[in-house]
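*Asks:* Pasting a structure here, questions to come.
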Amino acid sequence: METSEILKHVDHTLLQQTATWEEIRQICDDAVRYETASVCIPPSYVKQAATYMEGKIPVCTVIGFPNGYMTTKTKEFETKDAIADGAAEIDMVINIGWLKDKKYDQIEEEIRILKAACGDKILKVIIETCLLTEEEKIKMCEIVTNAGADYIKTSTGFSTAGAVFADVELFAKHVGPQVKIKAAGGISTMDDAEKFLSLGADRLGTSRMIKLVNQEQATGY
């Protein structure tokens, strides 16, 4: 797969707590230059980035991030606020404790509420696979499908591990046909990125792909 094709599936991401506007602006410039799927940035920068980007690349942000245990009303407010500021895509974190407690209806209802808040914007649901059993992962495929979300996403990148191939394969077997897959966290090589896509991922959340391309161009390889 050509590098340019891989980059079309990348949510070019910067979510570190120390992220500055200068750094956010740089990833926006890189996203435009390499035509990535989106930039994924903290909510506090969405309005500024959306104004700066002028619609050239969609702005994605995170809700209930990274732990997911905020109230549904808080997540709903965050989502509406982000959309009003210009976000085109929302990556929400589920309440993992609710999943451990088997509060499946509450998780599904929360996803439905946030999808309603998104309107025609994209909603991705982060389930933090490294903290879940295989049974819980399969259950979340069912819940995300039933709730009408657009994507199921592996990880925040802020927990004990990120995306692994086996989880994307598992998602591909168990999500509904309308649900796409996003792998995120720890994707560090073009070969890995290509493999995630071949296994069924439609999006890749990573900060490293553009860095790799820039390094290759700088060294001539």
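Numbering starts fresh at 1 for the residues of each chain in the structure tokens, the chains themselves are lettered A, B, ... in the order given, and ligands are numbered from 1 as they appear.
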Name all residues at most 6 Å from region 56-61 of chain A (count only C-alpha atoms; drop same-chain ones fewer than 2 positions away) and give them as a ChimeraX atom specification.

*Replies:* /A:38-43,53-54,87-90

*Asks:* At a cut-off of 9 Å, using only C-alpha atoms, what residues contact Val175 (chain A)? Leave out same-chain residues fewer than 6 positions from it and give the result as a PyMOL selection string.

*Replies:* chain A and resi 138+140-145+152+181

*Asks:* Just all heavy atoms for this one: save the residues we selected as a PDB file, in the first residue's frame.

*Replies:*
```pdb
ATOM      1  N   ILE A 138     -16.253  -8.373  22.911  1.00  0.00           N
ATOM      2  CA  ILE A 138     -17.323  -8.837  22.023  1.00  0.00           C
ATOM      3  C   ILE A 138     -18.641  -8.169  22.387  1.00  0.00           C
ATOM      4  O   ILE A 138     -19.417  -7.745  21.507  1.00  0.00           O
ATOM      5  CB  ILE A 138     -17.442 -10.372  22.072  1.00  0.00           C
ATOM      6  CG1 ILE A 138     -16.197 -11.012  21.447  1.00  0.00           C
ATOM      7  CG2 ILE A 138     -18.710 -10.849  21.359  1.00  0.00           C
ATOM      8  CD1 ILE A 138     -16.094 -12.511  21.661  1.00  0.00           C
ATOM      9  N   MET A 140     -19.021  -5.260  23.735  1.00  0.00           N
ATOM     10  CA  MET A 140     -18.979  -3.865  23.286  1.00  0.00           C
ATOM     11  C   MET A 140     -19.175  -3.742  21.775  1.00  0.00           C
ATOM     12  O   MET A 140     -19.752  -2.753  21.313  1.00  0.00           O
ATOM     13  CB  MET A 140     -17.664  -3.213  23.704  1.00  0.00           C
ATOM     14  CG  MET A 140     -17.628  -2.754  25.161  1.00  0.00           C
ATOM     15  SD  MET A 140     -19.069  -1.755  25.684  1.00  0.00           S
ATOM     16  CE  MET A 140     -19.102  -0.477  24.430  1.00  0.00           C
ATOM     17  N   CYS A 141     -18.745  -4.725  21.017  1.00  0.00           N
ATOM     18  CA  CYS A 141     -19.045  -4.716  19.576  1.00  0.00           C
ATOM     19  C   CYS A 141     -20.555  -4.701  19.365  1.00  0.00           C
ATOM     20  O   CYS A 141     -21.080  -3.956  18.521  1.00  0.00           O
ATOM     21  CB  CYS A 141     -18.436  -5.941  18.904  1.00  0.00           C
ATOM     22  SG  CYS A 141     -16.641  -5.911  18.741  1.00  0.00           S
ATOM     23  N   GLU A 142     -21.259  -5.510  20.135  1.00  0.00           N
ATOM     24  CA  GLU A 142     -22.720  -5.568  20.048  1.00  0.00           C
ATOM     25  C   GLU A 142     -23.349  -4.241  20.474  1.00  0.00           C
ATOM     26  O   GLU A 142     -24.247  -3.721  19.799  1.00  0.00           O
ATOM     27  CB  GLU A 142     -23.219  -6.701  20.955  1.00  0.00           C
ATOM     28  CG  GLU A 142     -24.738  -6.819  21.036  1.00  0.00           C
ATOM     29  CD  GLU A 142     -25.165  -7.806  22.115  1.00  0.00           C
ATOM     30  OE1 GLU A 142     -24.427  -8.782  22.362  1.00  0.00           O
ATOM     31  OE2 GLU A 142     -26.234  -7.586  22.726  1.00  0.00           O
ATOM     32  N   ILE A 143     -22.885  -3.694  21.592  1.00  0.00           N
ATOM     33  CA  ILE A 143     -23.464  -2.456  22.121  1.00  0.00           C
ATOM     34  C   ILE A 143     -23.229  -1.288  21.167  1.00  0.00           C
ATOM     35  O   ILE A 143     -24.143  -0.502  20.885  1.00  0.00           O
ATOM     36  CB  ILE A 143     -22.887  -2.150  23.522  1.00  0.00           C
ATOM     37  CG1 ILE A 143     -23.406  -3.172  24.536  1.00  0.00           C
ATOM     38  CG2 ILE A 143     -23.235  -0.727  23.964  1.00  0.00           C
ATOM     39  CD1 ILE A 143     -22.729  -3.095  25.896  1.00  0.00           C
ATOM     40  N   VAL A 144     -22.013  -1.150  20.672  1.00  0.00           N
ATOM     41  CA  VAL A 144     -21.692  -0.062  19.743  1.00  0.00           C
ATOM     42  C   VAL A 144     -22.531  -0.172  18.480  1.00  0.00           C
ATOM     43  O   VAL A 144     -23.044   0.825  17.961  1.00  0.00           O
ATOM     44  CB  VAL A 144     -20.184  -0.061  19.412  1.00  0.00           C
ATOM     45  CG1 VAL A 144     -19.878   0.901  18.274  1.00  0.00           C
ATOM     46  CG2 VAL A 144     -19.365   0.306  20.650  1.00  0.00           C
ATOM     47  N   THR A 145     -22.710  -1.384  18.000  1.00  0.00           N
ATOM     48  CA  THR A 145     -23.545  -1.601  16.815  1.00  0.00           C
ATOM     49  C   THR A 145     -24.991  -1.196  17.087  1.00  0.00           C
ATOM     50  O   THR A 145     -25.597  -0.443  16.310  1.00  0.00           O
ATOM     51  CB  THR A 145     -23.484  -3.077  16.383  1.00  0.00           C
ATOM     52  OG1 THR A 145     -22.135  -3.436  16.062  1.00  0.00           O
ATOM     53  CG2 THR A 145     -24.370  -3.331  15.173  1.00  0.00           C
ATOM     54  N   ILE A 152     -16.019   1.796  16.261  1.00  0.00           N
ATOM     55  CA  ILE A 152     -15.511   1.280  17.522  1.00  0.00           C
ATOM     56  C   ILE A 152     -13.995   1.470  17.473  1.00  0.00           C
ATOM     57  O   ILE A 152     -13.362   1.233  16.440  1.00  0.00           O
ATOM     58  CB  ILE A 152     -15.899  -0.194  17.749  1.00  0.00           C
ATOM     59  CG1 ILE A 152     -15.496  -0.647  19.157  1.00  0.00           C
ATOM     60  CG2 ILE A 152     -15.307  -1.115  16.681  1.00  0.00           C
ATOM     61  CD1 ILE A 152     -16.096  -1.998  19.557  1.00  0.00           C
ATOM     62  N   ILE A 181     -13.941   0.522  12.092  1.00  0.00           N
ATOM     63  CA  ILE A 181     -12.982   0.214  13.155  1.00  0.00           C
ATOM     64  C   ILE A 181     -11.841   1.226  13.128  1.00  0.00           C
ATOM     65  O   ILE A 181     -11.302   1.536  12.063  1.00  0.00           O
ATOM     66  CB  ILE A 181     -12.419  -1.212  12.969  1.00  0.00           C
ATOM     67  CG1 ILE A 181     -13.539  -2.250  13.092  1.00  0.00           C
ATOM     68  CG2 ILE A 181     -11.304  -1.496  13.985  1.00  0.00           C
ATOM     69  CD1 ILE A 181     -13.134  -3.641  12.622  1.00  0.00           C
TER      70      ILE A 181
END
```

*Asks:* List the spatial neighbours of Thr13 (chain A) as a ChimeraX atom specification - criterion: any atom at most 12 Å away, only C-alpha atoms, same-chain residues fewer than 4 positions off excluded.

*Replies:* /A:19,23-28,30-31,36-42,59-62,91,156-157,184-187,203-211

*Asks:* Write a file of the selected residues as a PDB file, in the first residue's frame, keeping C-alpha atoms.

*Replies:*
```pdb
ATOM      1  CA  ALA A  19       0.302  20.346  23.927  1.00  0.00           C
ATOM      2  CA  GLU A  23       2.337  22.233  18.254  1.00  0.00           C
ATOM      3  CA  ILE A  24      -1.346  21.927  17.372  1.00  0.00           C
ATOM      4  CA  ARG A  25      -0.877  24.314  14.456  1.00  0.00           C
ATOM      5  CA  GLN A  26       2.035  22.229  13.222  1.00  0.00           C
ATOM      6  CA  ILE A  27       0.001  19.019  13.123  1.00  0.00           C
ATOM      7  CA  CYS A  28      -2.777  20.915  11.342  1.00  0.00           C
ATOM      8  CA  ASP A  30       1.070  18.478   8.405  1.00  0.00           C
ATOM      9  CA  ALA A  31      -2.459  17.089   8.055  1.00  0.00           C
ATOM     10  CA  THR A  36      -4.802  12.808   6.514  1.00  0.00           C
ATOM     11  CA  ALA A  37      -8.335  11.803   7.490  1.00  0.00           C
ATOM     12  CA  SER A  38      -8.434  14.308  10.385  1.00  0.00           C
ATOM     13  CA  VAL A  39      -6.490  15.953  13.167  1.00  0.00           C
ATOM     14  CA  CYS A  40      -7.367  14.658  16.640  1.00  0.00           C
ATOM     15  CA  ILE A  41      -6.705  17.288  19.301  1.00  0.00           C
ATOM     16  CA  PRO A  42      -7.785  18.380  22.808  1.00  0.00           C
ATOM     17  CA  VAL A  59     -11.136  18.389  13.280  1.00  0.00           C
ATOM     18  CA  CYS A  60     -11.629  15.465  15.680  1.00  0.00           C
ATOM     19  CA  THR A  61     -11.620  15.719  19.467  1.00  0.00           C
ATOM     20  CA  VAL A  62     -12.013  13.509  22.527  1.00  0.00           C
ATOM     21  CA  ASP A  91     -14.031  10.118  19.984  1.00  0.00           C
ATOM     22  CA  THR A 156      -6.978   6.029  24.238  1.00  0.00           C
ATOM     23  CA  GLY A 157      -3.208   5.585  24.130  1.00  0.00           C
ATOM     24  CA  ALA A 184      -5.141   3.683  18.090  1.00  0.00           C
ATOM     25  CA  GLY A 185      -2.241   3.715  20.499  1.00  0.00           C
ATOM     26  CA  GLY A 186       1.311   2.616  19.831  1.00  0.00           C
ATOM     27  CA  ILE A 187       1.141   2.349  16.030  1.00  0.00           C
ATOM     28  CA  ARG A 203      -8.888   4.658  10.739  1.00  0.00           C
ATOM     29  CA  LEU A 204      -5.578   4.777  12.597  1.00  0.00           C
ATOM     30  CA  GLY A 205      -5.036   7.096  15.541  1.00  0.00           C
ATOM     31  CA  THR A 206      -1.341   7.932  15.640  1.00  0.00           C
ATOM     32  CA  SER A 207       1.126  10.767  15.985  1.00  0.00           C
ATOM     33  CA  ARG A 208       3.982   8.860  14.398  1.00  0.00           C
ATOM     34  CA  MET A 209       3.141   8.289  10.736  1.00  0.00           C
ATOM     35  CA  ILE A 210       3.803  11.878   9.688  1.00  0.00           C
ATOM     36  CA  LYS A 211       7.026  11.887  11.707  1.00  0.00           C
TER      37      LYS A 211
END
```

*Asks:* Give the strand (DSSP E) residues of region 51-214 of chain A, as DSSP finds them on the backbone, and put them as a VMD selection string.

*Replies:* chain A and resid 59 to 63 89 to 93 122 to 126 151 to 153 180 to 184 203 to 206

*Asks:* Name the residues of region 6-215 of chain A that come out as alpha helix (DSSP H) in a backbone DSSP run; write them as a PyMOL selection string.

*Replies:* chain A and resi 6-7+21-34+46-53+72-85+96-100+104-118+134-147+165-174+190-199+208-215

*Asks:* So which residues touch Ile63 (chain A) within 7 Å, counting only C-alpha atoms, skipping near sequence neighbours fewer than 5 positions away, as an MDAnalysis selection string?

*Replies:* chainID A and resid 75 78:79 90:93

*Asks:* May I have the selected residues written with N, CA, C and O atoms, as a short mmCIF file (atom, residue, chain, number, x, y, z; two decimals), in the first residue's frame?

*Replies:*
```cif
data_model
loop_
_atom_site.label_atom_id
_atom_site.label_comp_id
_atom_site.auth_asym_id
_atom_site.auth_seq_id
_atom_site.Cartn_x
_atom_site.Cartn_y
_atom_site.Cartn_z
N LYS A 75 -20.56 14.32 29.53
CA LYS A 75 -20.10 13.93 28.20
C LYS A 75 -20.97 14.55 27.11
O LYS A 75 -20.47 14.97 26.06
N GLU A 78 -19.97 18.18 26.82
CA GLU A 78 -18.67 18.25 26.14
C GLU A 78 -18.84 18.06 24.62
O GLU A 78 -18.21 18.76 23.82
N THR A 79 -19.67 17.10 24.26
CA THR A 79 -19.89 16.80 22.84
C THR A 79 -20.54 17.98 22.13
O THR A 79 -20.08 18.41 21.06
N ILE A 90 -16.07 13.04 16.84
CA ILE A 90 -16.00 12.91 18.30
C ILE A 90 -15.55 11.50 18.65
O ILE A 90 -16.15 10.53 18.21
N ASP A 91 -14.50 11.41 19.47
CA ASP A 91 -14.03 10.12 19.98
C ASP A 91 -14.33 10.09 21.49
O ASP A 91 -13.66 10.76 22.27
N MET A 92 -15.34 9.32 21.88
CA MET A 92 -15.76 9.25 23.28
C MET A 92 -15.20 8.00 23.95
O MET A 92 -14.95 6.99 23.30
N VAL A 93 -15.00 8.08 25.27
CA VAL A 93 -14.54 6.93 26.06
C VAL A 93 -15.72 6.39 26.85
O VAL A 93 -16.44 7.15 27.51
#
```
